[in-house]
Every structure is written in C-alpha cells, then in structure tokens.
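Visitor: Dropping in model31.tsv, with TSV, C-alpha atoms.
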```tsv
chain	number	residue	atom	x	y	z
A	1	MET	CA	116.80	128.43	86.39
A	2	ASN	CA	116.66	124.79	85.25
A	3	ALA	CA	113.58	125.18	83.08
A	4	ILE	CA	113.81	121.71	81.55
A	5	ALA	CA	113.73	119.96	84.92
A	6	THR	CA	110.92	122.19	86.19
A	7	LEU	CA	108.79	121.65	83.09
A	8	THR	CA	109.42	117.91	83.18
A	9	LEU	CA	108.22	117.63	86.77
A	10	LEU	CA	105.26	119.90	85.95
A	11	LYS	CA	104.26	117.67	83.01
A	12	LYS	CA	104.59	114.59	85.20
A	13	GLU	CA	102.32	116.11	87.86
A	14	VAL	CA	99.73	117.27	85.32
A	15	LYS	CA	99.74	113.86	83.63
A	16	ARG	CA	99.20	112.24	87.05
A	17	TRP	CA	95.88	114.00	87.64
A	18	ARG	CA	94.79	113.90	84.00
A	19	LYS	CA	95.06	110.11	83.84
A	20	VAL	CA	92.41	109.81	86.59
A	21	TRP	CA	90.24	112.74	85.44
A	22	LEU	CA	87.05	111.00	86.52
A	23	GLN	CA	88.24	111.28	90.11
A	24	THR	CA	90.24	114.50	89.97
A	25	VAL	CA	88.02	116.66	87.73
A	26	LEU	CA	84.59	115.15	87.08
A	27	ALA	CA	83.85	114.06	90.66
A	28	PRO	CA	84.42	117.56	92.16
A	29	VAL	CA	82.27	119.09	89.41
A	30	ILE	CA	79.39	116.74	90.23
A	31	THR	CA	79.79	117.42	93.97
A	32	ALA	CA	79.59	121.19	93.41
A	33	LEU	CA	76.54	120.73	91.17
A	34	LEU	CA	74.80	118.74	93.91
A	35	TYR	CA	75.44	121.54	96.41
A	36	LEU	CA	74.05	124.03	93.92
A	37	ALA	CA	70.98	121.92	93.18
A	38	VAL	CA	70.13	121.27	96.84
A	39	PHE	CA	70.84	124.68	98.37
A	40	GLY	CA	69.66	126.57	95.31
A	41	HIS	CA	66.37	124.67	95.20
A	42	VAL	CA	65.66	125.03	98.92
A	43	LEU	CA	66.65	128.70	99.36
A	44	GLU	CA	66.01	130.21	95.92
A	45	GLY	CA	63.48	133.04	96.29
A	46	ARG	CA	63.70	132.92	100.10
A	47	VAL	CA	67.13	134.46	100.59
A	48	GLU	CA	68.63	137.51	98.89
A	49	VAL	CA	72.19	138.23	99.98
A	50	PHE	CA	73.07	140.98	97.48
A	51	PRO	CA	70.41	143.28	95.97
A	52	GLY	CA	69.34	142.04	92.54
A	53	ILE	CA	71.36	138.81	92.79
A	54	SER	CA	69.47	135.53	93.10
A	55	TYR	CA	70.63	133.09	95.75
A	56	GLY	CA	71.54	130.53	93.09
A	57	ALA	CA	73.78	133.06	91.34
A	58	PHE	CA	75.27	134.07	94.70
A	59	LEU	CA	76.21	130.44	95.35
A	60	ILE	CA	78.14	129.93	92.12
A	61	PRO	CA	81.31	131.94	92.95
A	62	GLY	CA	81.52	130.35	96.40
A	63	LEU	CA	81.14	126.83	95.05
A	64	LEU	CA	83.57	127.59	92.24
A	65	MET	CA	86.26	128.83	94.59
A	66	MET	CA	85.61	126.04	97.08
A	67	SER	CA	86.14	123.47	94.34
A	68	VAL	CA	89.25	125.23	93.03
A	69	ILE	CA	91.07	125.51	96.35
A	70	GLN	CA	90.12	122.05	97.65
A	71	ASN	CA	91.44	120.39	94.51
A	72	ALA	CA	94.62	122.47	94.46
A	73	PHE	CA	95.30	121.30	98.01
A	74	ALA	CA	94.46	117.70	97.16
A	75	ASN	CA	96.80	117.68	94.17
A	76	THR	CA	100.02	118.58	95.97
A	77	SER	CA	99.26	116.73	99.21
A	78	SER	CA	98.26	113.49	97.49
A	79	SER	CA	101.21	113.62	95.11
A	80	LEU	CA	103.79	113.97	97.88
A	81	ILE	CA	102.29	111.38	100.20
A	82	GLN	CA	101.98	108.87	97.35
A	83	SER	CA	105.60	109.45	96.35
A	84	LYS	CA	106.74	108.99	99.96
A	85	VAL	CA	104.70	105.86	100.59
A	86	MET	CA	105.70	104.24	97.28
A	87	GLY	CA	109.34	105.31	97.63
A	88	SER	CA	109.39	107.12	94.28
A	89	ILE	CA	110.19	110.46	95.92
A	90	VAL	CA	113.87	109.65	95.39
A	91	PHE	CA	113.41	110.19	91.63
A	92	VAL	CA	112.20	113.72	92.34
A	93	LEU	CA	115.04	114.53	94.72
A	94	LEU	CA	117.87	113.25	92.52
A	95	PRO	CA	117.58	115.55	89.46
A	96	PRO	CA	119.69	118.73	89.53
A	97	PHE	CA	117.13	121.40	90.24
A	98	SER	CA	116.58	123.69	93.19
A	99	ALA	CA	113.91	123.65	95.88
A	100	PHE	CA	112.26	126.70	94.31
A	101	GLU	CA	112.11	125.03	90.91
A	102	MET	CA	110.56	121.94	92.49
A	103	PHE	CA	108.08	124.18	94.29
A	104	LEU	CA	107.07	125.91	91.04
A	105	ALA	CA	106.39	122.58	89.32
A	106	TYR	CA	104.16	121.26	92.11
A	107	ILE	CA	102.31	124.57	92.47
A	108	GLY	CA	101.86	124.89	88.71
A	109	ALA	CA	100.18	121.49	88.53
A	110	ALA	CA	97.95	122.36	91.49
A	111	ILE	CA	96.86	125.62	89.84
A	112	LEU	CA	96.08	123.86	86.55
A	113	ARG	CA	93.99	121.20	88.28
A	114	GLY	CA	92.15	123.78	90.36
A	115	MET	CA	91.41	125.90	87.29
A	116	ALA	CA	90.26	122.87	85.29
A	117	VAL	CA	87.78	121.95	88.02
A	118	GLY	CA	86.64	125.57	88.33
A	119	VAL	CA	85.94	125.88	84.60
A	120	GLY	CA	84.03	122.60	84.70
A	121	VAL	CA	81.88	123.75	87.62
A	122	PHE	CA	81.15	127.08	85.94
A	123	LEU	CA	80.14	125.54	82.61
A	124	VAL	CA	77.82	123.03	84.26
A	125	ALA	CA	76.33	125.70	86.57
A	126	LEU	CA	75.37	127.81	83.55
A	127	PHE	CA	72.77	125.19	82.64
A	128	TYR	CA	71.21	125.48	86.10
A	129	VAL	CA	71.39	129.16	87.07
A	130	LYS	CA	71.33	132.38	85.08
A	131	VAL	CA	74.52	134.23	86.00
A	132	PRO	CA	74.67	138.04	85.56
A	133	PRO	CA	77.50	139.45	83.41
A	134	VAL	CA	80.74	139.30	85.38
A	135	HIS	CA	82.05	142.51	86.92
A	136	ASP	CA	85.81	141.96	86.43
A	137	ILE	CA	87.20	138.84	84.74
A	138	PHE	CA	90.77	139.74	85.70
A	139	LEU	CA	89.90	139.75	89.41
A	140	ILE	CA	88.18	136.38	88.99
A	141	ILE	CA	91.24	134.85	87.36
A	142	GLY	CA	93.61	136.57	89.78
A	143	PHE	CA	91.86	135.31	92.91
A	144	ALA	CA	91.45	131.83	91.43
A	145	VAL	CA	95.19	131.62	90.71
A	146	LEU	CA	96.14	133.09	94.09
A	147	GLY	CA	93.75	130.76	95.92
A	148	SER	CA	95.11	127.73	94.06
A	149	TYR	CA	98.66	128.89	94.76
A	150	VAL	CA	98.07	129.28	98.49
A	151	MET	CA	96.21	125.97	98.82
A	152	GLY	CA	98.78	124.16	96.70
A	153	ALA	CA	101.47	125.43	99.08
A	154	LEU	CA	99.44	124.23	102.08
A	155	GLY	CA	99.09	120.87	100.35
A	156	LEU	CA	102.86	120.67	99.98
A	157	ILE	CA	103.30	121.33	103.70
A	158	ALA	CA	100.69	118.70	104.57
A	159	GLY	CA	102.26	116.19	102.17
A	160	MET	CA	105.73	116.69	103.64
A	161	TRP	CA	104.46	116.49	107.22
A	162	ALA	CA	102.23	113.44	106.77
A	163	GLU	CA	103.65	109.95	106.95
A	164	LYS	CA	100.50	108.08	105.90
A	165	PHE	CA	97.26	108.75	104.05
A	166	ASP	CA	95.24	108.92	107.28
A	167	GLN	CA	97.10	112.06	108.33
A	168	ILE	CA	96.29	113.80	105.02
A	169	ALA	CA	92.63	112.84	105.48
A	170	ALA	CA	92.70	114.25	109.02
A	171	PHE	CA	94.30	117.49	107.76
A	172	GLN	CA	91.48	117.86	105.23
A	173	SER	CA	88.68	116.87	107.62
A	174	PHE	CA	89.71	118.95	110.63
A	175	LEU	CA	91.26	122.00	108.98
A	176	ILE	CA	90.52	122.47	105.27
A	177	MET	CA	86.84	121.48	105.23
A	178	PRO	CA	85.75	123.47	108.33
A	179	LEU	CA	87.59	126.61	107.22
A	180	THR	CA	86.09	126.28	103.74
A	181	PHE	CA	82.50	125.85	104.90
A	182	LEU	CA	82.86	128.72	107.41
A	183	SER	CA	84.28	131.13	104.84
A	184	GLY	CA	81.01	132.45	103.41
A	185	VAL	CA	80.48	129.97	100.59
A	186	PHE	CA	76.77	129.66	101.38
A	187	TYR	CA	76.11	132.96	103.16
A	188	SER	CA	77.28	136.51	103.73
A	189	ILE	CA	79.10	137.09	107.00
A	190	ASN	CA	77.07	140.27	107.37
A	191	SER	CA	74.14	138.02	108.20
A	192	LEU	CA	75.99	136.57	111.20
A	193	PRO	CA	75.84	137.84	114.80
A	194	PRO	CA	78.65	140.36	115.51
A	195	PHE	CA	80.82	137.86	117.42
A	196	TRP	CA	80.78	135.22	114.68
A	197	ALA	CA	81.24	137.84	111.99
A	198	SER	CA	84.39	139.01	113.79
A	199	VAL	CA	85.63	135.41	114.01
A	200	SER	CA	85.06	134.99	110.26
A	201	TYR	CA	87.53	137.80	109.57
A	202	LEU	CA	90.24	135.57	111.07
A	203	ASN	CA	89.52	132.86	108.50
A	204	PRO	CA	91.91	133.29	105.54
A	205	PHE	CA	89.58	131.30	103.31
A	206	PHE	CA	86.97	134.05	103.71
A	207	TYR	CA	89.20	136.47	101.80
A	208	MET	CA	89.59	133.97	98.95
A	209	ILE	CA	85.83	133.57	98.57
A	210	ASP	CA	84.93	137.22	99.14
A	211	GLY	CA	87.44	138.65	96.67
A	212	PHE	CA	86.53	136.04	94.07
A	213	ARG	CA	82.82	136.85	94.48
A	214	TYR	CA	83.54	140.56	94.02
A	215	GLY	CA	84.92	139.75	90.57
A	216	PHE	CA	81.51	138.35	89.63
A	217	PHE	CA	79.13	140.90	91.13
A	218	GLY	CA	81.16	143.95	92.14
A	219	GLN	CA	79.79	143.43	95.66
A	220	SER	CA	81.49	141.85	98.67
A	221	ASP	CA	81.54	141.81	102.45
A	222	GLN	CA	85.05	143.25	102.62
A	223	PRO	CA	86.94	145.77	100.42
A	224	VAL	CA	88.44	143.75	97.59
A	225	MET	CA	91.94	145.24	98.00
A	226	ILE	CA	92.09	144.01	101.59
A	227	SER	CA	91.24	140.49	100.38
A	228	PHE	CA	93.87	140.74	97.66
A	229	PHE	CA	96.53	141.96	100.10
A	230	VAL	CA	95.75	139.10	102.54
A	231	MET	CA	95.98	136.52	99.75
A	232	LEU	CA	99.20	137.97	98.34
A	233	SER	CA	100.79	138.10	101.79
A	234	ALA	CA	99.81	134.48	102.44
A	235	ALA	CA	101.30	133.43	99.10
A	236	VAL	CA	104.63	135.15	99.87
A	237	VAL	CA	104.90	133.68	103.38
A	238	LEU	CA	103.96	130.16	102.27
A	239	THR	CA	106.39	130.32	99.35
A	240	GLY	CA	109.30	131.05	101.65
A	241	PHE	CA	108.23	128.39	104.14
A	242	CYS	CA	107.70	125.68	101.51
A	243	VAL	CA	110.97	126.39	99.70
A	244	LYS	CA	112.82	126.20	103.03
A	245	LEU	CA	111.24	122.83	103.86
A	246	LEU	CA	111.98	121.45	100.39
A	247	ALA	CA	115.58	122.69	100.56
A	248	THR	CA	116.16	120.90	103.87
A	249	GLY	CA	114.37	117.75	102.64
A	250	TYR	CA	111.98	117.81	105.59
A	251	LYS	CA	110.59	114.27	105.94
A	252	LEU	CA	111.53	113.61	102.31
A	253	ARG	CA	115.14	112.47	102.31
A	254	ASP	CA	114.46	109.77	104.87
A	255	ALA	CA	111.07	108.75	103.39
```
Would you write the structure of this file as structure tokens?
Guide:
Amino acid sequence: MNAIATLTLLKKEVKRWRKVWLQTVLAPVITALLYLAVFGHVLEGRVEVFPGISYGAFLIPGLLMMSVIQNAFANTSSSLIQSKVMGSIVFVLLPPFSAFEMFLAYIGAAILRGMAVGVGVFLVALFYVKVPPVHDIFLIIGFAVLGSYVMGALGLIAGMWAEKFDQIAAFQSFLIMPLTFLSGVFYSINSLPPFWASVSYLNPFFYMIDGFRYGFFGQSDQPVMISFFVMLSAAVVLTGFCVKLLATGYKLRDA
C-alpha cells in the first residue's frame, strides 16, 4: 500500500473542492434549504407520512441524503473530466501507485465533500424545523458514508466514460436527478399506487434514502437491513468495476 501517494492525491482532490467552497458546499446547502422552505411551507400540517413526525422533519433526512450523494457524484465526475480535458490526467497516471489506491483517494475526497455538504444542510435546517432526537447516529453516518461511496464510484465511471462536459451533464440530468427525485425524498412509497411502489423498489437510490431516514426516526418503508445489504452489495460491485477500469486506463491513457 503506497500510503504517501494515496494521501497526496486525496489532499489534492480535497483542496480542489475546498478552494471553490462557495460552489461546492454553500450552493448545495442553499438549494436544499430552498426545497425545505418551499415544500415544508406548502405541505406542513397537511401531510403526515410517519405518525408523530411533521412533514418538515420528514423532509430533512431525504434532502440531506440527496445533497450528500449528488455532491459525491459531482466531485469524482467533475475531477476526472476536468483532468482529461485539460490534459493533467497524465500527472495522476504517472506516480507509482495502484488502481485501488487511486480509487481510494478519489472516493475519499467524494465522501468528505458529501459529508461536508450534509453537515451544512443539517445545521441550517435546524433553524427552520424542529427535528426529533435521532434514533441511531451510527446508522445515519453509515448510510451517509455508503451513499457517498457508491455515488463517488458512479461519478468515477461517468468521468472515465465522458469525453466532454456535456456528457457529464447528460448523465446527471437523465440518470442521477430522476432516480434521486423518485427515491422517496419528498414522499413515502407506501403512498404510491401498487405498480409505482413496486417500481420504486428497483431504484437503488430508494434504499439510500430509506435506510438513512430510519437512522433519524426508527421508521422506514423497508426493513433497514435490506437497505444496508443493497447498499453494501452495490459498493462491492462498483469497487471491483471501477478498479478494473482504472487498471486498464479506460479512456484515460489516451485522453
């Protein structure tokens, strides 16, 4: 394990998003707060998803996780496509460290950015909605890290596949955003008609949101261990796939 090389790349990736924190951290926090203000104001007192939980409080875990996973994806995908377009990817490929070590550095930076945004959203939301005491802080952290890990890996795949910024934007617009909004961020899938509820179970993002929400309230649409198993399985599969692509230099060595 070449820890020095891995940590160096990790520091470089973290420094990249920290230097533009207004765009990478503050902007997502404000976006989540706007969702909370609009939906919470319109539906507060009219909708009760879980007994004893206000709609505003119900929204917070969904918006938190949505912000975390979207920014984890954006971190790895934007980093790779920028490096390829600018030609600086060669400085990442030359140092003597393995594909797995490279993978860990990119994923580590994605997790840290996702968690930073999530903490920001939570702190700001506390001024707007009264949140009940959390049910299990370890589940909250575990699902946040797993969600960031999975989305960071998807971002790596998108960044390696894409050849220009438009393709990353299309990946986000036609895949990431629809799956996120249809994952139960703003509603419980138990409120859907049977057909659409069954379709929702095929959405992997649903398990991220549902398990994360269980950590807050101890209530969810699906048993929490099923959500955890789905997320862990996705992380293992994506790790192997990403490391294989990085090892072969897929669309990187000829960038």
Visitor: For segment 14-16 of chain A, work out the shell of residues within 9 Å, counting all atoms listed in the file and skipping chain neighbours fewer than 6 positions away, then give it as a ChimeraX atom specification.
Guide: /A:79,108-110,112-113
Visitor: For Pro28 of chain A, which residue out of A:Val117, A:Ser88, A:His41, A:Ile60 is the nearest one, using all atoms listed in the file?
Guide: A:Val117
Visitor: Any chance you could tabulate, as a tab-separated table, the residues of segment 222-248 of chain A at most 10 Å from segment 160-172 of chain A with each one's nearest atom pair and distance in Å to one decimal, using only C-alpha atoms, in chain and rising number order?
Guide:
```
residue	atom	partner	partner_atom	distance
A:Cys242	CA	A:Met160	CA	9.4
A:Leu245	CA	A:Met160	CA	8.3
A:Leu246	CA	A:Met160	CA	8.5
```
Visitor: Just to confirm, what's the straight-line distance from atom CA of Phe181 of chain A to atom CA of Met115 of chain A in Å (one decimal)?
Guide: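 Value for the atom CA of Phe181 of chain A-atom CA of Met115 of chain A distance: 19.7 Å.
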Visitor: I'd like to know which of A:Ser233, A:Ser183, A:Ser188, A:Ser98 is closest to Ala3 of chain A, using all atoms listed in the file.
Guide: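 When distances to Ala3 of chain A are compared using all atoms listed in the file, the smallest one comes from A:Ser98.
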Visitor: Could you give me, as a PyMOL selection string, the residues within 6 Å of segment 203-210 of chain A, counting only C-alpha atoms and dropping anything in the same chain fewer than 6 positions from it?
Guide: chain A and resi 62+183+220+227
